[in-house]
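> Structure file my_file.pdb (PDB, C-alpha atoms) is given on the next line.
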ATOM      1  CA  MET L   1      86.011  70.771 157.883
ATOM      2  CA  SER L   2      89.400  69.338 158.674
ATOM      3  CA  TYR L   3      89.045  66.582 161.239
ATOM      4  CA  PRO L   4      92.488  65.612 162.571
ATOM      5  CA  ASP L   5      92.336  62.284 164.371
ATOM      6  CA  SER L   6      93.018  61.936 168.068
ATOM      7  CA  GLU L   7      95.681  59.369 168.894
ATOM      8  CA  ASP L   8      93.249  56.577 169.678
ATOM      9  CA  ALA L   9      90.493  57.409 167.183
ATOM     10  CA  LEU L  10      89.399  54.835 164.645
ATOM     11  CA  VAL L  11      88.195  56.411 161.396
ATOM     12  CA  LEU L  12      85.938  54.388 159.084
ATOM     13  CA  ARG L  13      85.871  55.529 155.441
ATOM     14  CA  GLY L  14      84.583  54.285 152.109
ATOM     15  CA  ALA L  15      81.452  54.141 149.998
ATOM     16  CA  VAL L  16      79.634  51.731 152.320
ATOM     17  CA  VAL L  17      80.230  53.949 155.350
ATOM     18  CA  ALA L  18      79.311  57.097 153.423
ATOM     19  CA  GLY L  19      76.080  55.450 152.295
ATOM     20  CA  ILE L  20      74.768  54.831 155.814
ATOM     21  CA  SER L  21      71.486  56.688 156.248
ATOM     22  CA  ASP L  22      70.923  59.142 159.083
ATOM     23  CA  ASP L  23      68.507  56.726 160.748
ATOM     24  CA  ASP L  24      70.942  53.817 160.486
ATOM     25  CA  TYR L  25      73.765  55.980 161.824
ATOM     26  CA  PHE L  26      71.629  56.877 164.821
ATOM     27  CA  GLU L  27      70.780  53.220 165.414
ATOM     28  CA  LEU L  28      74.469  52.315 165.166
ATOM     29  CA  CYS L  29      75.264  54.851 167.894
ATOM     30  CA  GLN L  30      72.476  53.543 170.123
ATOM     31  CA  ALA L  31      73.569  49.932 169.697
ATOM     32  CA  ASN L  32      77.186  50.795 170.621
ATOM     33  CA  GLU L  33      76.694  53.043 173.616
ATOM     34  CA  LEU L  34      80.182  52.347 174.992
ATOM     35  CA  LEU L  35      81.671  54.073 171.950
ATOM     36  CA  HIS L  36      81.605  57.742 171.039
ATOM     37  CA  ILE L  37      80.809  57.735 167.311
ATOM     38  CA  GLU L  38      80.882  61.064 165.520
ATOM     39  CA  ARG L  39      80.535  61.789 161.800
ATOM     40  CA  THR L  40      82.531  64.130 159.593
ATOM     41  CA  PRO L  41      81.113  66.207 156.720
ATOM     42  CA  GLN L  42      82.563  63.550 154.379
ATOM     43  CA  ARG L  43      80.372  61.010 156.240
ATOM     44  CA  GLU L  44      83.371  59.247 157.748
ATOM     45  CA  LEU L  45      82.760  57.739 161.172
ATOM     46  CA  VAL L  46      85.194  58.738 163.907
ATOM     47  CA  ILE L  47      85.100  56.291 166.809
ATOM     48  CA  ARG L  48      86.670  57.218 170.106
ATOM     49  CA  PRO L  49      86.607  55.348 173.405
ATOM     50  CA  LEU L  50      84.598  56.718 176.271
ATOM     51  CA  PRO L  51      86.689  58.798 178.691
ATOM     52  CA  GLY L  52      88.035  57.127 181.791
ATOM     53  CA  PHE L  53      86.753  57.473 185.339
ATOM     54  CA  ALA L  54      88.830  60.530 186.264
ATOM     55  CA  THR L  55      87.878  62.508 183.160
ATOM     56  CA  SER L  56      84.230  61.502 183.524
ATOM     57  CA  GLU L  57      84.188  62.700 187.128
ATOM     58  CA  LEU L  58      85.517  66.112 186.119
ATOM     59  CA  VAL L  59      82.935  66.344 183.330
ATOM     60  CA  GLY L  60      80.270  65.524 185.918
ATOM     61  CA  ILE L  61      81.427  68.318 188.227
ATOM     62  CA  ALA L  62      81.370  70.870 185.420
ATOM     63  CA  LEU L  63      78.027  69.512 184.185
ATOM     64  CA  PHE L  64      76.476  69.975 187.619
ATOM     65  CA  GLN L  65      77.595  73.612 187.709
ATOM     66  CA  VAL L  66      76.151  74.374 184.276
ATOM     67  CA  ALA L  67      72.931  72.451 184.998
ATOM     68  CA  ASP L  68      72.468  74.250 188.308
ATOM     69  CA  TRP L  69      72.781  77.593 186.528
ATOM     70  CA  SER L  70      70.410  76.421 183.781
ATOM     71  CA  ARG L  71      67.727  75.416 186.284
ATOM     72  CA  ARG L  72      67.672  79.001 187.523
ATOM     73  CA  TYR L  73      68.106  80.841 184.228
ATOM     74  CA  GLY L  74      66.504  78.527 181.676
ATOM     75  CA  GLY L  75      67.541  76.569 178.636
ATOM     76  CA  HIS L  76      68.723  72.962 178.406
ATOM     77  CA  THR L  77      72.007  71.491 179.648
ATOM     78  CA  LEU L  78      73.039  68.238 177.966
ATOM     79  CA  SER L  79      75.839  65.706 178.241
ATOM     80  CA  TRP L  80      77.256  63.889 175.200
ATOM     81  CA  ALA L  81      74.289  64.984 173.056
ATOM     82  CA  GLY L  82      74.823  64.676 169.312
ATOM     83  CA  TYR L  83      74.180  67.641 167.015
ATOM     84  CA  THR L  84      73.803  67.557 163.230
ATOM     85  CA  LEU L  85      75.673  70.610 161.988
ATOM     86  CA  PRO L  86      75.207  72.601 158.756
ATOM     87  CA  ASP L  87      77.861  70.689 156.764
ATOM     88  CA  GLY L  88      76.450  67.301 157.786
ATOM     89  CA  ALA L  89      78.930  66.582 160.566
ATOM     90  CA  VAL L  90      77.555  65.111 163.789
ATOM     91  CA  LEU L  91      79.475  66.047 166.922
ATOM     92  CA  GLY L  92      78.758  65.262 170.561
ATOM     93  CA  PRO L  93      80.461  67.558 173.078
ATOM     94  CA  GLY L  94      80.865  66.482 176.691
ATOM     95  CA  ILE L  95      78.663  69.356 177.887
ATOM     96  CA  SER L  96      76.446  71.675 175.899
ATOM     97  CA  TRP L  97      73.745  74.245 176.542
ATOM     98  CA  VAL L  98      70.873  75.180 174.237
ATOM     99  CA  SER L  99      68.604  78.162 174.813
ATOM    100  CA  GLU L 100      64.878  77.640 175.213
ATOM    101  CA  ALA L 101      64.296  79.648 172.020
ATOM    102  CA  ALA L 102      66.557  77.321 169.998
ATOM    103  CA  TYR L 103      65.127  74.194 171.643
ATOM    104  CA  SER L 104      61.562  75.247 170.828
ATOM    105  CA  THR L 105      62.330  75.189 167.092
ATOM    106  CA  LEU L 106      62.859  71.411 167.174
ATOM    107  CA  THR L 107      60.162  68.850 166.523
ATOM    108  CA  ARG L 108      59.703  65.930 168.919
ATOM    109  CA  ALA L 109      61.192  63.585 166.312
ATOM    110  CA  GLN L 110      64.290  65.778 166.010
ATOM    111  CA  ARG L 111      64.739  65.855 169.783
ATOM    112  CA  LEU L 112      64.785  62.052 169.856
ATOM    113  CA  GLN L 113      67.807  61.820 167.529
ATOM    114  CA  PHE L 114      70.663  64.202 166.595
ATOM    115  CA  PRO L 115      68.854  67.487 165.890
ATOM    116  CA  PRO L 116      69.915  69.944 163.173
ATOM    117  CA  LEU L 117      71.063  72.492 165.712
ATOM    118  CA  CYS L 118      74.221  74.148 166.981
ATOM    119  CA  PRO L 119      74.380  74.694 170.744
ATOM    120  CA  GLN L 120      75.182  78.172 172.034
ATOM    121  CA  PHE L 121      77.711  76.815 174.550
ATOM    122  CA  VAL L 122      79.997  73.770 174.657
ATOM    123  CA  LEU L 123      82.534  72.546 177.198
ATOM    124  CA  GLU L 124      84.911  69.619 176.903
ATOM    125  CA  LEU L 125      87.721  68.162 178.955
ATOM    126  CA  LYS L 126      90.889  66.839 177.392
ATOM    127  CA  ALA L 127      91.099  63.095 177.979
ATOM    128  CA  PRO L 128      94.498  61.392 178.323
ATOM    129  CA  PHE L 129      94.204  59.957 174.786
ATOM    130  CA  ASP L 130      93.350  63.346 173.210
ATOM    131  CA  ARG L 131      95.871  65.501 171.374
ATOM    132  CA  LEU L 132      95.664  69.172 172.293
ATOM    133  CA  ASP L 133      96.103  70.340 168.700
ATOM    134  CA  THR L 134      93.227  68.075 167.634
ATOM    135  CA  LEU L 135      90.936  69.584 170.249
ATOM    136  CA  GLN L 136      92.002  73.133 169.432
ATOM    137  CA  ALA L 137      91.104  72.567 165.773
ATOM    138  CA  ARG L 138      87.788  71.082 166.854
ATOM    139  CA  PHE L 139      87.002  74.114 169.003
ATOM    140  CA  ALA L 140      87.853  76.547 166.234
ATOM    141  CA  GLN L 141      85.380  74.610 164.096
ATOM    142  CA  TRP L 142      82.702  74.890 166.775
ATOM    143  CA  LEU L 143      82.909  78.673 166.356
ATOM    144  CA  ASN L 144      82.479  78.306 162.597
ATOM    145  CA  TYR L 145      79.319  76.309 163.238
ATOM    146  CA  GLY L 146      77.881  79.096 165.400
ATOM    147  CA  VAL L 147      78.810  78.277 169.008
ATOM    148  CA  GLU L 148      78.935  81.514 170.978
ATOM    149  CA  LEU L 149      81.189  80.301 173.796
ATOM    150  CA  ALA L 150      83.340  77.170 173.939
ATOM    151  CA  ILE L 151      85.526  76.124 176.857
ATOM    152  CA  LEU L 152      88.268  73.516 176.606
ATOM    153  CA  LEU L 153      89.752  72.308 179.896
ATOM    154  CA  ASP L 154      93.104  70.555 180.244
ATOM    155  CA  ALA L 155      93.017  69.313 183.842
ATOM    156  CA  ASP L 156      96.533  67.854 183.787
ATOM    157  CA  ALA L 157      98.020  71.210 182.800
ATOM    158  CA  GLU L 158      95.412  73.194 184.803
ATOM    159  CA  THR L 159      94.742  75.283 181.719
ATOM    160  CA  ALA L 160      91.469  76.564 180.289
ATOM    161  CA  TYR L 161      90.957  77.784 176.734
ATOM    162  CA  LEU L 162      87.974  80.056 176.057
ATOM    163  CA  TYR L 163      86.770  80.471 172.471
ATOM    164  CA  ARG L 164      84.479  83.329 171.441
ATOM    165  CA  PRO L 165      83.570  84.432 167.886
ATOM    166  CA  GLY L 166      85.824  87.139 166.480
ATOM    167  CA  GLN L 167      88.168  87.105 169.470
ATOM    168  CA  PRO L 168      91.546  85.514 170.121
ATOM    169  CA  VAL L 169      91.551  82.426 172.297
ATOM    170  CA  GLU L 170      91.686  83.359 175.988
ATOM    171  CA  ILE L 171      94.051  81.156 177.970
ATOM    172  CA  VAL L 172      93.617  80.904 181.737
ATOM    173  CA  GLN L 173      96.371  79.196 183.712
ATOM    174  CA  GLY L 174      95.684  77.592 187.078
ATOM    175  CA  PHE L 175      92.534  75.990 188.445
ATOM    176  CA  ASP L 176      92.340  78.470 191.318
ATOM    177  CA  ASN L 177      90.145  80.636 189.065
ATOM    178  CA  GLU L 178      86.548  81.050 188.017
ATOM    179  CA  LEU L 179      85.580  81.382 184.354
ATOM    180  CA  SER L 180      82.839  83.787 183.333
ATOM    181  CA  GLY L 181      80.118  82.575 180.968
ATOM    182  CA  GLU L 182      79.105  86.122 180.054
ATOM    183  CA  PRO L 183      77.358  87.180 177.924
ATOM    184  CA  VAL L 184      76.165  83.781 176.640
ATOM    185  CA  LEU L 185      75.434  82.375 180.100
ATOM    186  CA  PRO L 186      74.452  85.462 182.129
ATOM    187  CA  GLY L 187      75.652  85.255 185.706
ATOM    188  CA  PHE L 188      77.373  81.889 185.253
ATOM    189  CA  ARG L 189      80.834  81.288 186.645
ATOM    190  CA  LEU L 190      82.613  77.948 186.305
ATOM    191  CA  ASP L 191      84.496  77.244 189.532
ATOM    192  CA  LEU L 192      87.681  75.475 188.495
ATOM    193  CA  ARG L 193      88.676  74.934 192.126
ATOM    194  CA  GLU L 194      86.162  72.099 192.348
ATOM    195  CA  LEU L 195      87.865  70.375 189.446
ATOM    196  CA  ARG L 196      91.275  70.847 191.047
ATOM    197  CA  GLU L 197      90.081  69.224 194.282
ATOM    198  CA  ALA L 198      88.637  66.232 192.406
ATOM    199  CA  ALA L 199      91.774  65.795 190.299
ATOM    200  CA  SER L 200      94.170  65.910 193.263
TER     201      SER L 200
END
Once you've parsed the file, please lay out its structure as structure tokens.

Amino acid sequence: MSYPDSEDALVLRGAVVAGISDDDYFELCQANELLHIERTPQRELVIRPLPGFATSELVGIALFQVADWSRRYGGHTLSWAGYTLPDGAVLGPGISWVSEAAYSTLTRAQRLQFPPLCPQFVLELKAPFDRLDTLQARFAQWLNYGVELAILLDADAETAYLYRPGQPVEIVQGFDNELSGEPVLPGFRLDLRELREAAS
């Protein structure tokens, strides 16, 4: 996996960092909750600041919409949950959804840390310190891991990027639209107008 750095990311490398156990990595993340610490397949640690108030508010609006759908249709909606992926990377998307069938395969111990699981759906908002090309590479990688639908939102440009396996990226301009979650999230539509109102 190529992991291009965002402009403000701090990347820790070296034998000591690579030798950190999974349990110690988890404890490090818990002890530094104001940092977003992900791990690459090479066991590098990528540390990014938490998003600011405006970005967090938009994530919250989108999270509420997904969670409301999930309460009616099932599965689990999560925010900033970490996932251990097949190549050893640990990523934590702003919003993710896991089906009940996938969730039921996890032990209680796995659910308490970063489970070996790829969510079916992820959604992230571009923060002011993020580079668009970095996020686009990240989202292409999500598809390689097995995500069935990934949505990247750039609120400043009012642009949405929808990623689906085996299909070209769908680009939707303007936050006067709704985005369909079909077929991964049956019946779900993300109302971008709510994000526009909050961002104005």
> Using all atoms listed in the file, which of L:Ala54, L:Ile47, L:Val66, L:Ile61 sits nearest Glu194 (chain L)?
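Checking each of L:Ala54, L:Ile47, L:Val66, L:Ile61 against Glu194 (chain L), counting all atoms listed in the file, the winner is L:Ile61.
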> Given the choices L:Glu100, L:Val122, L:Arg138, L:Leu112, which gets closest to Trp80 (chain L) if the distance is worked out from all atoms listed in the file?
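Closest to Trp80 (chain L) of all the choices is L:Val122.
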> To one decimal in Å, tell me the separation between CA of Pro93 (chain L) and CA of Thr77 (chain L).
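Those two atoms sit 11.4 Å apart.
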> Find the residue from L:Ala137, L:Ala9, L:Leu125, L:Ile171 that sits nearest to Leu152 (chain L); use all atoms listed in the file when measuring.
L:Leu125
> Would you kindly translate the PyMOL selection byres ((chain L and resi 165) around 10) into the concrete residues it picks from this file, as number ranges by chain?
L: 140, 142-144, 146-150, 163-164, 166-169
> Mind writing the picked residues with C-alpha atoms as a CSV table (one decimal), keeping the file's coordinate frame?

chain,number,residue,atom,x,y,z
L,140,ALA,CA,87.9,76.5,166.2
L,142,TRP,CA,82.7,74.9,166.8
L,143,LEU,CA,82.9,78.7,166.4
L,144,ASN,CA,82.5,78.3,162.6
L,146,GLY,CA,77.9,79.1,165.4
L,147,VAL,CA,78.8,78.3,169.0
L,148,GLU,CA,78.9,81.5,171.0
L,149,LEU,CA,81.2,80.3,173.8
L,150,ALA,CA,83.3,77.2,173.9
L,163,TYR,CA,86.8,80.5,172.5
L,164,ARG,CA,84.5,83.3,171.4
L,166,GLY,CA,85.8,87.1,166.5
L,167,GLN,CA,88.2,87.1,169.5
L,168,PRO,CA,91.5,85.5,170.1
L,169,VAL,CA,91.6,82.4,172.3
> For each of L:Val59, L:Ala101, L:Ala81, L:Ala109, take the minimum atom-to-atom distance to Leu153 (chain L), counting only C-alpha atoms, then give the residue where this is smallest.
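When distances to Leu153 (chain L) are compared using only C-alpha atoms, the smallest one comes from L:Val59.
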> Give me the residues within 8 Å of Arg48 (chain L) as a count of residues only, counting only C-alpha atoms and dropping any in the same chain fewer than 4 places off.
6
> Run through the PyMOL selection byres ((chain L and resi 60) around 12) on the given coordinates and return the selected residues as a PyMOL selection string.
chain L and resi 51+53-59+61-68+77-80+94-95+123-125+194-195+198
> Using only C-alpha atoms for the distances, tell me which of L:Thr40, L:Thr159, L:Thr134, L:Ser21 is nearest to Pro86 (chain L).
L:Thr40
> Considering all atoms listed in the file, return as a list in words whatever protein or nucleic-acid residues lie within 6 Å of Pro41 (chain L), sequence-local ones (same chain, fewer than 5 positions apart) excluded.
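Listed by chain and then number, they are Asp87, Gly88 and Ala89 of chain L.
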> Which polymer residues, protein or nucleic acid, are no farther than 12 Å from (83.2, 65.0, 158.7), counting all atoms listed in the file, as a ChimeraX atom specification?
/L:1-5,11-13,17-18,37-46,84-91,138,141
